[in-house]
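Engineer: Structure provided below as structure tokens; questions to follow.
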Amino acid sequence: MIGKQIYALAKRLWSLNRSITGDGVRKTLNIIKEILPSLRIHEVPSGVKAFDWVVPKEWKVISARLTDPNGKVICDFEENNLHLVGYSVPVKKRMRLSELQNHLYSLPEQPDAIPYVTSYYKEHWGFCLSQMERDRLIDGLYEVNIETALFDGSLTYGELLIPGRSEEEVFLSTYVCHPSMANNELSGPTVATYLAHWLGSQKSNRFSYRIVFVPETIGSIVYISKNLDDLKSRVFAGFNITCVGDNRAFSFLPSRSGNTFSDIVAKHVLGHMCGDYKAYKWEDRGSDERQYCAPGIDLPIASIMRTKYGQYDEYHTSLDDLTNVVSPEGLDGGYWAIRLAIEAIERHCYPKVKVLCEPQLGKRGLYPNLSTKSSGVEVKLMMDLITWSDGTNSLLDIAELCGVPVWKLYPIVDQLASHDLLDLIEKPSVPAF
Amino acid sequence: MIGKQIYALAKRLWSLNRSITGDGVRKTLNIIKEILPSLRIHEVPSGVKAFDWVVPKEWKVISARLTDPNGKVICDFEENNLHLVGYSVPVKKRMRLSELQNHLYSLPEQPDAIPYVTSYYKEHWGFCLSQMERDRLIDGLYEVNIETALFDGSLTYGELLIPGRSEEEVFLSTYVCHPSMANNELSGPTVATYLAHWLGSQKSNRFSYRIVFVPETIGSIVYISKNLDDLKSRVFAGFNITCVGDNRAFSFLPSRSGNTFSDIVAKHVLGHMCGDYKAYKWEDRGSDERQYCAPGIDLPIASIMRTKYGQYDEYHTSLDDLTNVVSPEGLDGGYWAIRLAIEAIERHCYPKVKVLCEPQLGKRGLYPNLSTKSSGVEVKLMMDLITWSDGTNSLLDIAELCGVPVWKLYPIVDQLASHDLLDLIEKPSVPAF
Amino acid sequence: MIGKQIYALAKRLWSLNRSITGDGVRKTLNIIKEILPSLRIHEVPSGVKAFDWVVPKEWKVISARLTDPNGKVICDFEENNLHLVGYSVPVKKRMRLSELQNHLYSLPEQPDAIPYVTSYYKEHWGFCLSQMERDRLIDGLYEVNIETALFDGSLTYGELLIPGRSEEEVFLSTYVCHPSMANNELSGPTVATYLAHWLGSQKSNRFSYRIVFVPETIGSIVYISKNLDDLKSRVFAGFNITCVGDNRAFSFLPSRSGNTFSDIVAKHVLGHMCGDYKAYKWEDRGSDERQYCAPGIDLPIASIMRTKYGQYDEYHTSLDDLTNVVSPEGLDGGYWAIRLAIEAIERHCYPKVKVLCEPQLGKRGLYPNLSTKSSGVEVKLMMDLITWSDGTNSLLDIAELCGVPVWKLYPIVDQLASHDLLDLIEKPSVPAF
């Protein structure tokens, strides 16, 4: 079960302090590079413009500690990087609890969870802690000691290109900017890593693959701004890989148009893997598809997920971990859902039967020669595949017409092609949007 | 509440003896002209051809009275103009009750109502009375005294043109040919009058408005025959204004195609004003949309109504009055439904976001800078408007995609446009049919 | 009731030993030729190629008998031609019951039925008998005596061309290859015969008709291979006529595209003849539509049926006979369903009203002149037909829009056309597929 390997990678990446910039991202990418040696790591300097945005200063944390009037350490970044509000500026001062409260974040409804809070674009500082911890705080002077740096550095992302026989590309994107978060972070880059590893190990892929590991939002915007022409001219399908690690559900979020090849493939795969998957709408979006499918960008990016961000209690808290939420089984399901989708893309074609009228399957040993009341039941699927193979229906269309998962047709297609009964026409891929 | 002004006008017009020709129409139009000084009153002579029809003789009533054997006046036109069958020819004679019965009209199912009956295109005379009255008639000789005239005169209609920045026109039509009838007559011209007054008082409308007050059927046919080229080349939306005065329901009757811009706007407005409005089909038509949407005419005319003609018991009887059926509240609702539709037409555009990828709303103060578990909820509608603003969705489409009334988007559109984030593209308006 | 004549013909054809070749077919066609003198009977020699197929050897049966150890005749072809597996090779030998069992066919679930079994394309022999009979077989040596011949002969089919004013064709196909089977065989050719007889007796048909009586599968494949260009360039509608003889249900099987003119007509007719007819899908196909609608052939052939092949217990057994299953009433319903469809095809046109705005029906005596509360109800259908007669809706579309069977519109269309109010535009017929 590949889920175990993926899980092991997630454990290794767990404690790195990822943010939208900084060494946490770099270390993460370098560990992934051990598995994907062709991964290229890019640095984009602070201050570079990307459409309506600017690459922010790089953030570095040396230490961060909140100490109570008795000298007891309440929050320590060393112990859990979620304690520090992301992008906190340096602070060293003493203050009363009443003043401190404006910089504390907790969740009354989830008293044992540390929330995940950031302030990337406005200077701010703060500590996150459980509500239980916060309720126990005593009056008096607290010592705030945040040793961080915000400086002209760079934003880091990883990119892997796996060339195929065609220059047409499938685009996979995942994000690396959340510290210590399992389903809504590490499931994404770890599953993406092993999908990339599988793709790279194939003898020859039909399509080329572009796989990126970016900080969410600013990272995808930067990536698009640097690669817009290539993306728009080559990418005809793709997925944003996020929240693919728990074993509680499968779900789907469409592209903005809702009707791209990616959407069609994803719904087919999920429908056959798990009939009652949860289908979200574009209005439920929340990750990098917001950029990839933005007006004028219009890439065909859908999301195949397990339990979606924002739809489970542990989301964006310390409870979204590798024990309670993410499991090898969960990761395995996420991996296979996307892999089956990629395989369906690789085998995308328009079968066309090579004889007029029905072929005589009997003389090829593919059809029972004795006609009785119930003959033909066994070869029904083959006959149905043939009747729909008119060169206008894609193999996926045919699977839908036959009511079977497309992967059930692969061996039949191969058998008919080996009897020279089927042409598998490859048309230029579906144009984006 | 504008409904009160509209109601006052309806009371003023109540007792005029409107028919498809004659002084009742002229007087009605002259009173409306007091509110709309630019109204032009047209006269079309009897005998003029209009497609398959001919303008009939003008009808004038001096008096009409039915007297029983005891000299008791049974029906007097002076008392209620519904007593006389419309277009009755002059008669002065005595006859037995049994013979008279062929010229009496009443409604057994509504014994206290005087029915409304006409015979425009075949010479005829008759009296209408309540079934209760009729049941009390005694045997003997009755005196019929109808002093009317049918002569070569003219058909009268009113027309108001309110020019806008564009020559493209919105067409509003209402009818003025029913005597003493409230919902199925006076609600139409009175609401139309105050809509025209509002439009005329605007500093600058985007579209031009063509508003007509015509006798039903023959009047609209005559109007079309004289203005066909202008109507077909300019009108891209419009409404037939009828039955907009009672407070019991909202309803909708589509254009013949069912799919014009008018249909889309009307359904959006009614759906958001009143979720359970009654949607009729073209087969339920019955007013001037029969002509405006006829094959070869094909104007995009839909009907936004309160309770539709033929769908309430009081219809075409003396009970359809300003006490039982029509009220200021009813007229107010009819006025605002059509006004919201016109406003949606005026603001019709294709918003297009001016930056690639999502704009950074935070730096403009339009987005919270602190990202917590539930951030962004408040600006969801703004973000949804932006994501759909690709230049292909109309503002109305976007309202539907967001599940809100289009008027809820106006302030957001204005705010984003003021930040130079949105182009509001005005395409040539939707072609009719 | 024409069903009685059709039933009489079926009785006459009952006992002939039809198969995919041989004298049973020839005799059947010659009897049909008595009713349809213009029927041409074609012979296609064994060995002729037809796409992926080859015309098989001709099969002839002299006698076939199975005798038990006591000399009792168990199966005799003379008594029931279903006893012999179709295309059995000659055999004369004795064998034990245990060996014989491999050549016996029966139906455990239908113990009193003789099944219908064939082996056209692999040399084989066998006997069919009821399970009850089989259960009574005693141990010992059985005598198998099958006197048949398989020789280079020919495949026989019948073809009738009925020219119309247009060269565009309606194609009717039925099959003649099942011995002693009533609904799933004789209902088809007998109903087709009387439809052809009716068509031939018309003074002048608008369209031409091509009607074929072929052995199923191989016969239709051969026919297509010899007439492909004519079929593809001329046929714009048609039906496969099968299972039209029992009185238990109506059903419909679409063409492969599901959207041809034949499909539309068939669904309209069945919907109005019998609201709850059974609608099958293309995946339920099983007769010659498999060839006519195959990829690259793509003829617009649908099936209007009573109870469909494979959907009734008696199917492909000796129980599918003229007593239990097929009746004059059943055949009558099958005949009329297809005849109404053909009539709808013959009258297919795009009505267009010849005046602008509504015509004034009153002056033509087509509309009541007195307008009262409920006037116009009687002429509603005429007004609806007029309003939809814009030259873009077909008469069939209009019937659907009005919610009536198209045949209810024929007299109204004729009346309006006689008043010169309607053009009946004949467009080139709907292209196949």
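Each chain of the structure tokens is named A, B, ... in the order shown, its residues numbered from 1; ligands are numbered from 1 in display order.
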Might you pull out every residue within 10 Å of Ser19 in chain B, with only C-alpha atoms counted and same-chain residues fewer than 5 positions away left off, and present them as JSON, numbers by chain?
Structural biologist: {"B": [24, 25, 58, 59, 60, 86, 87, 118, 120, 155, 176, 177, 178, 179, 215, 216]}
Engineer: Residues near Pro295 in chain C, anyone? I mean within 9 Å using only C-alpha atoms, not counting same-chain ones fewer than 4 positions away, as a VMD selection string.
Structural biologist: (chain A and resid 352 to 353 355 to 358 386 to 391) or (chain C and resid 256 291)
Engineer: Check every residue of chain A for an atom within 12 Å of chain C, counting only C-alpha atoms, and provide those that qualify as an MDAnalysis selection string.
Structural biologist: chainID A and resid 351:365 367:377 380:393 398 401:403 420:422
Engineer: For Gly330 in chain B, please output as a list in words all residues within 10 Å (counting only C-alpha atoms; exclusion window: fewer than 4 positions along the same chain).
Structural biologist: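 Residues near the query, excluding close chain neighbours: Gly3, Lys4, Tyr7, Asn183, Ser187, Cys243, Val244, Gly245, Asp246, Asn247, Arg248, Ala249, Phe250, Arg306, Thr307, Val325, Val326, Gly334 and Tyr335 of chain B.
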Engineer: Leaving out Ile338 in chain B and any residue of its chain fewer than 6 positions from it, which residues lie within 9 Å of it when counting only C-alpha atoms, given as a CSV table (one decimal) with N, CA, C and O atoms, in the first residue's frame?
Structural biologist:
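The new file result.csv reads:
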```
chain,number,residue,atom,x,y,z
B,195,LEU,N,-44.6,54.9,-14.0
B,195,LEU,CA,-43.3,54.5,-14.4
B,195,LEU,C,-42.7,55.5,-15.5
B,195,LEU,O,-41.6,55.8,-15.4
B,239,PHE,N,-42.3,45.2,-21.7
B,239,PHE,CA,-43.4,44.5,-21.0
B,239,PHE,C,-44.7,45.0,-21.4
B,239,PHE,O,-44.9,46.2,-21.7
B,241,ILE,N,-48.1,45.9,-19.8
B,241,ILE,CA,-48.5,46.2,-18.4
B,241,ILE,C,-50.0,46.0,-18.2
B,241,ILE,O,-50.8,46.8,-18.7
B,266,ALA,N,-37.5,39.5,-16.0
B,266,ALA,CA,-38.8,39.4,-15.2
B,266,ALA,C,-38.7,38.2,-14.2
B,266,ALA,O,-39.1,38.4,-13.1
B,269,VAL,N,-36.4,39.1,-11.2
B,269,VAL,CA,-37.0,40.1,-10.3
B,269,VAL,C,-38.1,39.4,-9.5
B,269,VAL,O,-38.2,39.5,-8.3
B,304,ILE,N,-45.2,41.1,-16.5
B,304,ILE,CA,-45.1,41.0,-15.0
B,304,ILE,C,-46.5,41.4,-14.5
B,304,ILE,O,-46.9,42.6,-14.7
B,305,MET,N,-47.1,40.6,-13.8
B,305,MET,CA,-48.5,40.9,-13.3
B,305,MET,C,-48.6,40.6,-11.8
B,305,MET,O,-47.8,39.9,-11.2
```
Engineer: From range 85-323 of chain A, collect each residue whose DSSP state is helix (DSSP H, G or I) and return the set as a ChimeraX atom specification.
Structural biologist: /A:97-103,131-135,182-201,218-234,261-273,282-284,289-292
Engineer: To one decimal in Å, tell me the separation between CA of Ser15 in chain A and CA of Ser180 in chain A.
Structural biologist: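 So the answer is 5.6 Å.
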